[in-house]
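Peer 1: Input structure: model_35.txt, which contains compact mmCIF, C-alpha atoms.
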# COMPACT_ATOMS: atom_id res chain seq x y z
CA MET A 251 37.91 7.09 -69.14
CA ILE A 252 36.90 9.20 -66.13
CA THR A 253 36.54 12.96 -66.34
CA ILE A 254 36.10 15.02 -63.18
CA LYS A 255 35.10 18.66 -63.47
CA GLY A 256 34.77 21.08 -60.57
CA LEU A 257 34.40 18.50 -57.81
CA HIS A 258 33.42 19.93 -54.43
CA LYS A 259 33.22 17.71 -51.40
CA LYS A 260 32.73 18.63 -47.77
CA TYR A 261 32.72 16.42 -44.68
CA GLY A 262 30.96 18.01 -41.74
CA GLY A 263 31.94 21.53 -42.72
CA ILE A 264 35.52 20.60 -43.67
CA GLN A 265 36.31 21.15 -47.35
CA ILE A 266 38.00 18.03 -48.73
CA HIS A 267 37.96 18.85 -52.45
CA LYS A 268 37.44 22.30 -53.89
CA ASP A 269 36.93 22.74 -57.62
CA PHE A 270 38.94 19.60 -58.35
CA SER A 271 39.27 18.59 -62.00
CA TYR A 272 41.16 15.70 -63.57
CA SER A 273 40.93 13.17 -66.40
CA PHE A 274 42.00 9.57 -65.88
CA GLU A 275 43.25 8.11 -69.12
CA LYS A 276 41.77 4.93 -70.50
CA GLY A 277 43.94 1.83 -70.18
CA LYS A 278 46.47 3.51 -67.87
CA ILE A 279 47.40 2.87 -64.24
CA THR A 280 47.21 6.13 -62.33
CA ALA A 281 48.77 6.19 -58.89
CA ILE A 282 47.07 8.61 -56.50
CA VAL A 283 49.34 9.83 -53.74
CA GLY A 284 49.08 12.39 -50.98
CA SER A 285 49.28 12.65 -47.22
CA SER A 286 46.79 10.92 -44.95
CA GLY A 287 43.39 12.58 -44.71
CA ILE A 288 43.94 14.67 -47.84
CA GLY A 289 40.94 13.09 -49.60
CA LYS A 290 42.31 10.27 -51.77
CA THR A 291 39.74 7.73 -50.59
CA THR A 292 37.00 10.38 -50.72
CA LEU A 293 37.84 11.02 -54.36
CA LEU A 294 37.59 7.31 -55.16
CA ARG A 295 34.33 7.01 -53.24
CA CYS A 296 32.86 9.93 -55.19
CA ILE A 297 33.88 8.27 -58.45
CA ALA A 298 32.31 4.97 -57.33
CA GLY A 299 29.09 6.74 -56.36
CA LEU A 300 29.50 5.92 -52.67
CA GLU A 301 29.50 9.60 -51.66
CA GLU A 302 27.32 12.55 -52.58
CA TYR A 303 29.20 15.45 -54.12
CA GLU A 304 28.87 18.65 -56.08
CA GLY A 305 30.36 18.86 -59.55
CA ASP A 306 30.50 16.57 -62.51
CA ILE A 307 32.05 13.11 -62.78
CA HIS A 308 31.71 11.45 -66.17
CA ILE A 309 32.50 7.73 -66.32
CA GLU A 310 32.69 5.50 -69.37
CA GLY A 311 32.56 1.82 -68.48
CA LYS A 312 31.96 -0.48 -65.56
CA ILE A 313 33.70 0.16 -62.25
CA SER A 314 35.00 -2.38 -59.77
CA TYR A 315 36.17 -1.19 -56.33
CA MET A 316 38.73 -2.98 -54.18
CA PHE A 317 38.58 -1.63 -50.64
CA GLN A 318 41.27 -1.33 -47.98
CA GLU A 319 39.56 -4.05 -45.90
CA ASP A 320 38.80 -7.49 -47.34
CA ARG A 321 34.96 -7.31 -47.15
CA LEU A 322 34.52 -11.01 -47.86
CA MET A 323 31.11 -12.37 -46.89
CA PRO A 324 31.77 -14.81 -43.98
CA TRP A 325 28.64 -16.85 -44.75
CA LEU A 326 29.82 -17.67 -48.28
CA SER A 327 32.51 -20.04 -49.49
CA ILE A 328 35.52 -18.55 -51.28
CA VAL A 329 34.10 -19.53 -54.69
CA ASP A 330 30.70 -18.00 -53.89
CA ASN A 331 32.47 -14.82 -52.73
CA LEU A 332 34.32 -14.66 -56.03
CA PHE A 333 31.07 -15.00 -57.99
CA LEU A 334 29.15 -12.55 -55.76
CA PRO A 335 29.71 -9.46 -57.98
CA ILE A 336 28.06 -11.31 -60.89
CA LYS A 337 25.06 -12.21 -58.73
CA LEU A 338 24.83 -8.61 -57.48
CA GLU A 339 24.79 -7.49 -61.10
CA GLY A 340 21.69 -9.67 -61.49
CA ARG A 341 23.21 -12.04 -64.04
CA PRO A 342 23.26 -15.83 -63.89
CA ILE A 343 26.73 -17.39 -63.75
CA THR A 344 27.57 -18.57 -67.25
CA PRO A 345 30.23 -21.04 -68.44
CA SER A 346 32.27 -18.06 -69.67
CA ASP A 347 32.17 -16.59 -66.12
CA ARG A 348 33.50 -19.92 -64.82
CA GLN A 349 36.23 -19.91 -67.46
CA ARG A 350 37.14 -16.37 -66.51
CA MET A 351 37.36 -17.31 -62.86
CA GLU A 352 39.53 -20.31 -63.67
CA TYR A 353 41.83 -18.07 -65.69
CA LEU A 354 42.05 -15.43 -62.95
CA VAL A 355 42.67 -17.90 -60.10
CA ARG A 356 45.42 -19.52 -62.19
CA PHE A 357 46.89 -16.13 -63.04
CA PHE A 358 46.95 -14.98 -59.41
CA GLN A 359 47.98 -18.47 -58.24
CA VAL A 360 45.17 -19.05 -55.75
CA GLU A 361 43.73 -22.34 -57.12
CA GLU A 362 44.60 -24.31 -54.00
CA HIS A 363 42.79 -21.85 -51.71
CA LEU A 364 39.35 -22.11 -53.33
CA SER A 365 38.21 -24.94 -51.08
CA LYS A 366 39.29 -23.15 -47.88
CA GLY A 367 37.03 -21.15 -45.58
CA VAL A 368 37.06 -17.34 -45.76
CA ASN A 369 39.04 -17.14 -42.52
CA GLU A 370 41.44 -19.92 -43.36
CA VAL A 371 43.40 -17.93 -45.94
CA SER A 372 46.35 -15.68 -45.12
CA GLY A 373 46.50 -11.93 -45.78
CA GLY A 374 48.41 -12.29 -49.05
CA GLU A 375 46.16 -15.09 -50.31
CA LYS A 376 43.13 -13.03 -49.38
CA GLN A 377 44.36 -10.02 -51.35
CA ARG A 378 44.94 -12.15 -54.46
CA LEU A 379 41.46 -13.70 -54.07
CA LEU A 380 40.02 -10.20 -53.73
CA MET A 381 41.83 -9.24 -56.91
CA VAL A 382 40.05 -12.14 -58.64
CA ARG A 383 36.73 -10.96 -57.21
CA ALA A 384 37.38 -7.40 -58.36
CA LEU A 385 38.14 -8.59 -61.89
CA ILE A 386 35.52 -11.33 -62.25
CA THR A 387 32.93 -9.05 -63.89
CA ASN A 388 35.52 -7.89 -66.43
CA PRO A 389 35.35 -4.22 -65.42
CA ASP A 390 36.64 -1.34 -67.54
CA ILE A 391 37.81 0.63 -64.51
CA LEU A 392 39.39 -0.78 -61.36
CA ILE A 393 39.65 1.30 -58.20
CA LEU A 394 42.29 0.12 -55.73
CA ASP A 395 42.05 1.90 -52.41
CA GLU A 396 45.31 0.87 -50.74
CA PRO A 397 44.28 -2.79 -50.83
CA PHE A 398 47.74 -4.15 -49.96
CA LYS A 399 48.34 -1.76 -47.08
CA SER A 400 48.39 -4.46 -44.39
CA LEU A 401 50.87 -6.69 -46.24
CA ASP A 402 54.62 -6.76 -45.80
CA GLU A 403 56.87 -5.08 -48.38
CA ASN A 404 57.77 -8.25 -50.34
CA LEU A 405 54.22 -9.53 -50.58
CA TYR A 406 52.93 -6.07 -51.46
CA THR A 407 55.44 -5.79 -54.33
CA TYR A 408 54.80 -9.37 -55.49
CA ILE A 409 51.02 -8.94 -55.70
CA TYR A 410 51.32 -5.55 -57.34
CA LYS A 411 53.71 -7.04 -59.90
CA LYS A 412 51.24 -9.84 -60.68
CA PHE A 413 48.52 -7.27 -61.03
CA LYS A 414 50.61 -5.13 -63.35
CA ASP A 415 51.34 -8.19 -65.51
CA TYR A 416 47.60 -8.75 -65.73
CA CYS A 417 46.98 -5.11 -66.70
CA SER A 418 49.51 -5.33 -69.51
CA THR A 419 47.25 -7.92 -71.20
CA THR A 420 44.10 -5.79 -70.89
CA ASN A 421 42.87 -2.27 -71.50
CA LEU A 422 41.93 -1.74 -67.85
CA THR A 423 41.90 1.77 -66.42
CA VAL A 424 43.27 1.62 -62.88
CA LEU A 425 43.06 4.19 -60.08
CA PHE A 426 45.53 3.10 -57.45
CA VAL A 427 45.82 4.87 -54.11
CA THR A 428 49.12 4.07 -52.44
CA HIS A 429 51.67 5.35 -49.96
CA HIS A 430 54.36 3.25 -51.62
CA MET A 431 56.26 5.88 -53.62
CA VAL A 432 58.47 3.39 -55.50
CA LEU A 433 55.43 1.57 -56.85
CA ALA A 434 53.61 4.86 -57.50
CA LYS A 435 56.49 6.15 -59.65
CA GLY A 436 56.38 2.92 -61.65
CA CYS A 437 52.75 3.57 -62.66
CA ASP A 438 51.76 5.11 -66.02
CA LYS A 439 50.52 8.33 -64.42
CA LEU A 440 50.92 9.97 -61.03
CA LEU A 441 48.29 12.17 -59.43
CA LYS A 442 49.46 14.06 -56.38
CA ILE A 443 46.66 15.41 -54.20
CA ALA A 444 47.75 18.32 -52.05
CA MET B 288 35.36 -41.23 -21.24
CA GLU B 289 36.11 -37.67 -22.30
CA TRP B 290 32.42 -36.73 -22.02
CA PHE B 291 32.30 -38.15 -18.46
CA ARG B 292 35.31 -36.05 -17.40
CA ARG B 293 33.56 -33.02 -18.90
CA TYR B 294 30.12 -33.57 -17.39
CA TRP B 295 30.68 -35.58 -14.23
CA THR B 296 29.95 -32.65 -11.89
CA LYS B 297 26.62 -32.04 -13.61
CA ILE B 298 25.81 -35.77 -13.55
CA VAL B 299 26.59 -35.96 -9.83
CA PHE B 300 24.51 -32.84 -9.15
CA PHE B 301 21.53 -34.17 -11.13
CA ALA B 302 21.80 -37.65 -9.58
CA THR B 303 21.91 -36.13 -6.08
CA ILE B 304 18.71 -34.17 -6.73
CA VAL B 305 16.90 -37.20 -8.21
CA LEU B 306 18.04 -39.58 -5.46
CA SER B 307 17.13 -37.09 -2.72
CA TRP B 308 13.73 -36.70 -4.31
CA GLU B 309 13.34 -40.50 -4.57
CA PHE B 310 14.22 -41.26 -0.96
CA LEU B 311 13.52 -38.12 1.06
CA VAL B 312 10.30 -36.68 -0.37
CA ASP B 313 6.99 -38.06 0.84
CA ASN B 314 5.45 -39.74 -2.22
CA PHE B 315 1.97 -39.13 -0.84
CA ILE B 316 2.39 -35.45 -1.75
CA ILE B 317 4.70 -35.61 -4.78
CA PRO B 318 5.29 -38.76 -6.85
CA THR B 319 8.81 -40.17 -6.81
CA PRO B 320 11.03 -40.10 -9.91
CA SER B 321 10.62 -43.88 -10.33
CA ASP B 322 6.80 -43.51 -10.27
CA ILE B 323 6.98 -40.70 -12.81
CA LEU B 324 9.31 -42.68 -15.06
CA SER B 325 7.11 -45.79 -15.05
CA GLN B 326 4.04 -43.64 -15.82
CA PHE B 327 6.04 -41.84 -18.52
CA PHE B 328 6.64 -45.10 -20.39
CA PHE B 329 3.05 -46.15 -19.76
CA ILE B 330 1.54 -43.01 -21.33
CA LEU B 331 4.01 -43.27 -24.22
CA SER B 332 2.64 -46.74 -24.98
CA LYS B 333 -0.84 -45.24 -25.61
CA VAL B 334 -1.80 -44.12 -29.13
CA ARG B 335 -3.87 -41.28 -27.65
CA THR B 336 -0.65 -39.73 -26.18
CA TRP B 337 0.97 -39.64 -29.60
CA GLU B 338 -2.15 -38.04 -31.07
CA ASN B 339 -1.95 -35.37 -28.36
CA ILE B 340 1.76 -34.84 -29.01
CA LEU B 341 1.00 -34.31 -32.69
CA ALA B 342 -1.90 -31.97 -31.87
CA SER B 343 0.33 -29.76 -29.69
CA MET B 344 3.20 -29.85 -32.18
CA GLN B 345 0.86 -28.86 -34.99
CA LYS B 346 -0.34 -25.82 -33.03
CA VAL B 347 3.21 -24.80 -32.09
CA TYR B 348 4.84 -25.25 -35.48
CA VAL B 349 2.03 -24.00 -37.70
CA SER B 350 1.85 -20.88 -35.49
CA LEU B 351 5.63 -20.54 -35.53
CA ALA B 352 5.70 -20.86 -39.34
CA VAL B 353 3.01 -18.18 -39.71
CA ALA B 354 4.83 -15.90 -37.24
CA ILE B 355 8.13 -16.44 -39.11
CA MET B 356 6.50 -15.46 -42.40
CA ILE B 357 4.94 -12.34 -40.87
CA GLY B 358 8.25 -11.53 -39.12
CA LEU B 359 10.21 -11.81 -42.37
CA LEU B 360 7.57 -9.78 -44.19
CA ILE B 361 7.83 -7.01 -41.60
CA GLY B 362 11.63 -7.27 -41.76
CA SER B 363 11.59 -6.86 -45.53
CA LEU B 364 9.16 -3.97 -45.18
CA ARG B 365 11.55 -2.24 -42.77
CA TYR B 366 14.28 -2.43 -45.40
CA PHE B 367 12.29 -1.69 -48.56
CA TYR B 368 9.79 0.84 -47.17
CA PRO B 369 11.23 2.30 -43.95
CA LYS B 370 8.48 4.97 -43.76
CA ILE B 371 5.69 2.38 -43.73
CA ALA B 372 7.71 0.27 -41.29
CA GLU B 373 7.67 3.14 -38.77
CA TYR B 374 3.87 2.79 -38.57
CA VAL B 375 4.09 -1.00 -38.32
CA ASP B 376 6.69 -0.58 -35.55
CA SER B 377 4.28 1.51 -33.54
CA ILE B 378 1.78 -1.38 -33.53
CA PHE B 379 4.07 -4.37 -33.01
CA TYR B 380 6.69 -3.03 -30.64
CA PRO B 381 4.26 -2.17 -27.77
CA SER B 382 2.43 -5.49 -28.23
CA GLN B 383 5.36 -7.36 -26.63
CA PHE B 384 4.24 -5.98 -23.25
CA ILE B 385 0.80 -7.61 -23.47
CA ALA B 386 0.67 -10.75 -21.31
CA SER B 387 -0.21 -14.08 -22.91
CA ALA B 388 -3.18 -14.36 -20.51
CA VAL B 389 -4.56 -11.12 -21.97
CA TRP B 390 -4.15 -12.49 -25.51
CA THR B 391 -6.00 -15.63 -24.36
CA LEU B 392 -8.95 -13.53 -23.23
CA ILE B 393 -8.88 -11.47 -26.44
CA ALA B 394 -8.73 -14.68 -28.50
CA ILE B 395 -11.74 -16.14 -26.66
CA VAL B 396 -13.68 -12.90 -27.23
CA LEU B 397 -12.75 -12.90 -30.93
CA PHE B 398 -12.96 -16.59 -31.83
CA GLY B 399 -14.66 -18.34 -28.91
CA LEU B 400 -13.39 -21.84 -28.11
CA SER B 401 -12.62 -22.64 -31.73
CA TRP B 402 -9.56 -24.29 -33.33
CA VAL B 403 -8.22 -20.84 -34.33
CA THR B 404 -7.92 -19.62 -30.73
CA PRO B 405 -4.66 -21.38 -29.67
CA TYR B 406 -3.01 -20.49 -32.99
CA PHE B 407 -3.97 -16.85 -32.57
CA ILE B 408 -2.61 -16.70 -29.00
CA ILE B 409 0.72 -18.31 -29.93
CA ILE B 410 1.21 -16.08 -32.98
CA MET B 411 0.38 -12.87 -31.11
CA VAL B 412 2.72 -13.71 -28.21
CA ILE B 413 5.75 -14.80 -30.26
CA LEU B 414 5.42 -12.27 -33.07
CA PRO B 415 6.95 -9.30 -31.15
CA ASN B 416 9.86 -11.58 -30.26
CA LEU B 417 10.58 -12.29 -33.92
CA PHE B 418 9.91 -8.68 -34.81
CA VAL B 419 12.56 -7.47 -32.35
CA ALA B 420 14.99 -10.13 -33.67
CA VAL B 421 14.58 -8.76 -37.22
CA GLN B 422 15.05 -5.22 -35.89
CA ILE B 423 18.34 -6.24 -34.19
CA GLY B 424 19.48 -8.05 -37.34
CA LEU B 425 18.82 -5.06 -39.58
CA LYS B 426 20.42 -2.66 -37.12
CA ASN B 427 23.61 -4.75 -36.99
CA VAL B 428 24.09 -5.22 -40.72
CA ASN B 429 27.79 -4.75 -41.44
CA LYS B 430 28.01 -1.38 -43.19
CA GLN B 431 31.27 -2.24 -44.95
CA LEU B 432 29.78 -5.36 -46.55
CA LEU B 433 26.72 -3.38 -47.58
CA GLU B 434 28.96 -0.72 -49.08
CA PHE B 435 30.75 -3.40 -51.10
CA GLY B 436 27.32 -4.28 -52.51
CA HIS B 437 26.59 -0.61 -53.20
CA SER B 438 29.83 -0.35 -55.17
CA ILE B 439 28.33 -2.89 -57.61
CA THR B 440 24.59 -2.28 -57.58
CA ARG B 441 21.85 -0.08 -56.16
CA HIS B 442 19.23 -2.78 -56.72
CA LYS B 443 17.55 -3.09 -53.32
CA GLY B 444 16.23 -6.59 -53.97
CA ARG B 445 19.63 -8.02 -54.82
CA LEU B 446 21.34 -6.21 -51.95
CA PHE B 447 18.71 -7.61 -49.59
CA ARG B 448 19.01 -11.15 -50.95
CA TYR B 449 22.79 -11.42 -51.08
CA ILE B 450 24.05 -9.10 -48.33
CA ILE B 451 21.34 -8.08 -45.86
CA PHE B 452 19.22 -11.22 -45.50
CA PRO B 453 22.19 -13.50 -44.62
CA GLN B 454 23.14 -11.02 -41.88
CA VAL B 455 19.60 -10.76 -40.50
CA MET B 456 19.16 -14.54 -40.30
CA PRO B 457 21.46 -15.33 -37.29
CA PRO B 458 19.63 -13.03 -34.83
CA PHE B 459 16.30 -13.90 -36.45
CA PHE B 460 16.97 -17.60 -35.95
CA MET B 461 17.88 -16.94 -32.31
CA GLY B 462 14.45 -15.29 -32.11
CA ILE B 463 12.93 -18.49 -33.54
CA ILE B 464 14.73 -20.56 -30.88
CA ARG B 465 13.34 -18.31 -28.11
CA SER B 466 9.91 -18.35 -29.73
CA ASN B 467 9.92 -22.15 -29.81
CA ALA B 468 10.29 -22.24 -26.00
CA ILE B 469 7.65 -19.53 -25.52
CA ALA B 470 5.25 -21.27 -27.94
CA TRP B 471 5.46 -24.51 -25.95
CA LYS B 472 4.61 -22.67 -22.72
CA ILE B 473 1.67 -20.96 -24.37
CA VAL B 474 0.26 -24.00 -26.15
CA VAL B 475 0.20 -26.00 -22.92
CA THR B 476 -1.45 -23.11 -21.03
CA ALA B 477 -4.01 -22.60 -23.81
CA GLU B 478 -4.80 -26.33 -23.98
CA ILE B 479 -5.23 -26.50 -20.20
CA PHE B 480 -7.94 -23.84 -20.31
CA ILE B 481 -9.55 -24.18 -23.73
CA GLY B 482 -8.18 -27.38 -25.26
CA THR B 483 -9.97 -30.50 -26.43
CA ASN B 484 -6.71 -32.23 -27.28
CA GLY B 485 -2.95 -31.79 -26.90
CA LEU B 486 -0.45 -32.16 -24.07
CA GLY B 487 -1.99 -29.30 -22.06
CA PHE B 488 -5.34 -31.08 -22.31
CA MET B 489 -3.63 -34.23 -20.95
CA VAL B 490 -2.17 -32.23 -18.03
CA ASN B 491 -5.61 -30.82 -17.22
CA ASN B 492 -7.22 -34.22 -17.55
CA TYR B 493 -4.80 -35.90 -15.13
CA TYR B 494 -5.18 -32.96 -12.74
CA ARG B 495 -8.96 -33.41 -12.70
CA LEU B 496 -8.55 -37.16 -12.17
CA ILE B 497 -6.00 -36.39 -9.40
CA ASN B 498 -3.52 -38.68 -11.18
CA ILE B 499 -0.44 -36.75 -10.16
CA PRO B 500 2.20 -39.31 -11.37
CA LYS B 501 0.72 -39.16 -14.89
CA LEU B 502 0.48 -35.36 -14.67
CA PHE B 503 4.22 -35.22 -13.84
CA ALA B 504 4.95 -37.79 -16.57
CA THR B 505 3.18 -35.53 -19.09
CA VAL B 506 5.20 -32.55 -17.88
CA LEU B 507 8.37 -34.64 -18.35
CA LEU B 508 7.19 -35.44 -21.88
CA ILE B 509 6.64 -31.74 -22.61
CA ILE B 510 10.15 -30.92 -21.33
CA ILE B 511 11.72 -33.69 -23.45
CA ILE B 512 9.90 -32.57 -26.61
CA GLY B 513 10.74 -28.90 -25.94
CA LEU B 514 14.43 -29.68 -25.31
CA SER B 515 14.63 -31.93 -28.40
CA MET B 516 13.19 -29.24 -30.65
CA ASP B 517 15.41 -26.63 -29.00
CA TYR B 518 18.45 -28.85 -29.69
CA LEU B 519 17.36 -29.32 -33.30
CA PHE B 520 16.94 -25.55 -33.83
CA ARG B 521 20.31 -24.83 -32.19
CA GLN B 522 22.02 -27.35 -34.46
CA ILE B 523 20.44 -25.65 -37.51
CA HIS B 524 21.59 -22.28 -36.16
CA ARG B 525 25.11 -23.57 -35.56
CA ARG B 526 25.30 -25.28 -38.95
CA TYR B 527 23.78 -22.59 -41.17
CA PHE B 528 23.68 -19.27 -39.33
CA THR B 529 26.89 -19.04 -37.32
CA TYR B 530 29.47 -17.14 -39.29
CA ASP B 531 33.10 -16.80 -38.31
CA ASN B 532 33.65 -13.06 -38.56
CA ASN B 533 37.23 -13.12 -37.32
Just give me the structure as C-alpha cells.

Peer 2:
Amino acid sequence: MITIKGLHKKYGGIQIHKDFSYSFEKGKITAIVGSSGIGKTTLLRCIAGLEEYEGDIHIEGKISYMFQEDRLMPWLSIVDNLFLPIKLEGRPITPSDRQRMEYLVRFFQVEEHLSKGVNEVSGGEKQRLLMVRALITNPDILILDEPFKSLDENLYTYIYKKFKDYCSTTNLTVLFVTHHMVLAKGCDKLLKIA
Amino acid sequence: MEWFRRYWTKIVFFATIVLSWEFLVDNFIIPTPSDILSQFFFILSKVRTWENILASMQKVYVSLAVAIMIGLLIGSLRYFYPKIAEYVDSIFYPSQFIASAVWTLIAIVLFGLSWVTPYFIIIMVILPNLFVAVQIGLKNVNKQLLEFGHSITRHKGRLFRYIIFPQVMPPFFMGIIRSNAIAWKIVVTAEIFIGTNGLGFMVNNYYRLINIPKLFATVLLIIIIGLSMDYLFRQIHRRYFTYDNN
C-alpha cells in the first residue's frame, strides 16, 4: 500500500507535481499513463526515494524498481546480476533464495540464458532476466518504469502477459508506467496524470 | 603462419635495425648486438645477477603494493568522507609535479642511504599516479548503475563494494600498469646513485669498470623484466577488469 498526500515536486523551477495525492491499492496493478514529460517517472522516483520532494509518501513494504534501461552490471555474470539485490540488501544468499531464483527463471523461461554473458542476451531475454532480478528479493511493491519500451509489440505483450500471470499468484502491488493504452486498460487500476 | 602475416613488417623493421647496428656501428664505441647477447647470457648464468634481480623486484613490488594500499585507502576516503578527501587532494594532487630526482634528495635527507630510501622514492613518485587513477575511476562511475543500487539500499559500504569499486578498478589497474613502468625507471636510478644491490647497482658497477657490453646486457635484462611484468599486468587487466559495456 502506498499513500501519497500533497506531493510537490519541482525541477529547476518547473513545477512537475503540485499537491498530488493518490493511494495505490495493495495487490493491484495500477497503470500510470500520461503524455511524455508530465512527471510519471518523477512520481515513481519520488516513491522509490530517488528524488527529494515536499509532501508525504507513506509506503508499507519493500520496493523493487525496474528501470527503463537494463542497468545490468557488465562485470558480473547473469546469475550474479540476478542475486545482486540480495547482496545489496546485506543478506547472504540462502538455499531458499536459490530456489526462488530457479522458480523465477523457469517461470519467465530464461533458464538457458543463465550461462551467457550480459551482452550476449537479446532485448526480450534481458527484460525477462531483469524481471527475475526485480522479483528475487520477494518485494511487496514493484515499480515498472516503461521497462519494455524498446521491445516490439509482440514481445512487449508476451512479457507483460507472463508478468501478469506471475502477479495473479502473488499479492504484489505494481505501479506500471506505460504508453501502451491496450495494456493499461487491462490493468486493475488506471491513473491518468495530466 | 597467421602471426607472421600479422607481424612481418615489425619483424623486418626490428631485424633491419639490429643488423644495421651489428654491421655498421663501430663496436669500439657501442657494443654490437651479438656482444650484448653473449654477455646477457653470461650475466644470467651468475647467481649474483639473480640476487640483484630479486633485490630490484622486491623494491618495486613492495613499494607498488604499499602505494596501491594507500591509493585505495584515499579512493575509499574520497567516497566515504568527501570533505576530508578535499584536504587530502590538496596534498597529493600537487605532489605529482615534483620530480623523482627531488624525491631522491628529500629521501636522502630524511633517511640517509638506508634500505628505506629507495622504497620511499618509488612510493612518493607513483602515488600521485594511482591517486589520479582513483579520481578518474570515481568520476566516471556510471550514475545509472549507482542509482539502481540506491533503489535497493543507502548503505554506503555495500554500494561501494558491489557497484563503485568494480567500476573504479579498471582505471585504477591502468594506473598500476603505468606505475609499474615508472617504478622500474626509479628503482634503477635510485640503485645507480644510492644502491648496494639491484639491477641499477649492476649498471653502475659495469659503468665504473667500463664494461659497456655487460652494462648494455643489464639494460636489456631490465627491459625484458619490465616488459614481462607489463605483459602480466595487462593480461590481468584484460581478464578481470575489462568490461564489455556495449

Peer 1: Could you list, as a list in words, every residue of chain B that has an atom within 8 Å of an atom of chain A, counting all atoms listed in the file?

Peer 2: Gln431, Leu432, Glu434, Phe435, Gly436, His437, Ser438, Ile439, Thr440, Arg445, Leu446, Tyr449, Ile450, Pro453, Phe528, Thr529, Tyr530, Asp531, Asn532 and Asn533 of chain B

Peer 1: If you measure from atom CA of Gly399 of chain B to atom CA of Ala468 of chain B, what distance in Å do you get, rounded to one decimal?

Peer 2: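 Computing it gives 25.4 Å between the two atoms.
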
Peer 1: Do you have the atom CA of Thr420 of chain A-atom CA of Ala384 of chain A distance handy?

Peer 2: 14.3 Å

Peer 1: Looking at all atoms listed in the file, which of A:Lys259, A:Lys268, A:Lys278, A:Ile343 is the one that sits closest to Glu304 of chain A?

Peer 2: A:Lys259

Peer 1: Using all atoms listed in the file for the distances, tell me which of A:Glu275, A:Met351, A:Ser346, A:Pro397 is nearest to Phe426 of chain A.

Peer 2: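 Nearest candidate to Phe426 of chain A out of A:Glu275, A:Met351, A:Ser346, A:Pro397: A:Pro397.
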
Peer 1: Place N, CA and C atoms on segment 410-423 of chain B and deliver the coordinates as a CSV table (one decimal), in the coordinates of the input.

Peer 2:
chain,number,residue,atom,x,y,z
B,410,ILE,N,0.7,-17.0,-32.0
B,410,ILE,CA,1.2,-16.1,-33.0
B,410,ILE,C,1.4,-14.7,-32.4
B,411,MET,N,0.3,-14.2,-31.7
B,411,MET,CA,0.4,-12.9,-31.1
B,411,MET,C,1.5,-12.7,-30.0
B,412,VAL,N,1.7,-13.8,-29.3
B,412,VAL,CA,2.7,-13.7,-28.2
B,412,VAL,C,4.1,-13.8,-28.8
B,413,ILE,N,4.4,-14.6,-29.8
B,413,ILE,CA,5.8,-14.8,-30.3
B,413,ILE,C,6.1,-13.8,-31.3
B,414,LEU,N,5.1,-13.2,-32.0
B,414,LEU,CA,5.4,-12.3,-33.1
B,414,LEU,C,6.3,-11.1,-32.7
B,415,PRO,N,6.0,-10.4,-31.5
B,415,PRO,CA,7.0,-9.3,-31.2
B,415,PRO,C,8.4,-9.8,-31.0
B,416,ASN,N,8.5,-11.0,-30.5
B,416,ASN,CA,9.9,-11.6,-30.3
B,416,ASN,C,10.6,-11.7,-31.6
B,417,LEU,N,10.0,-12.2,-32.6
B,417,LEU,CA,10.6,-12.3,-33.9
B,417,LEU,C,10.8,-10.9,-34.5
B,418,PHE,N,9.8,-10.0,-34.3
B,418,PHE,CA,9.9,-8.7,-34.8
B,418,PHE,C,11.2,-8.0,-34.3
B,419,VAL,N,11.4,-8.1,-33.0
B,419,VAL,CA,12.6,-7.5,-32.4
B,419,VAL,C,13.8,-8.1,-32.9
B,420,ALA,N,13.8,-9.4,-33.1
B,420,ALA,CA,15.0,-10.1,-33.7
B,420,ALA,C,15.3,-9.6,-35.1
B,421,VAL,N,14.3,-9.3,-35.9
B,421,VAL,CA,14.6,-8.8,-37.2
B,421,VAL,C,15.2,-7.4,-37.1
B,422,GLN,N,14.6,-6.6,-36.1
B,422,GLN,CA,15.0,-5.2,-35.9
B,422,GLN,C,16.5,-5.2,-35.5
B,423,ILE,N,16.9,-6.1,-34.6
B,423,ILE,CA,18.3,-6.2,-34.2
B,423,ILE,C,19.2,-6.6,-35.4
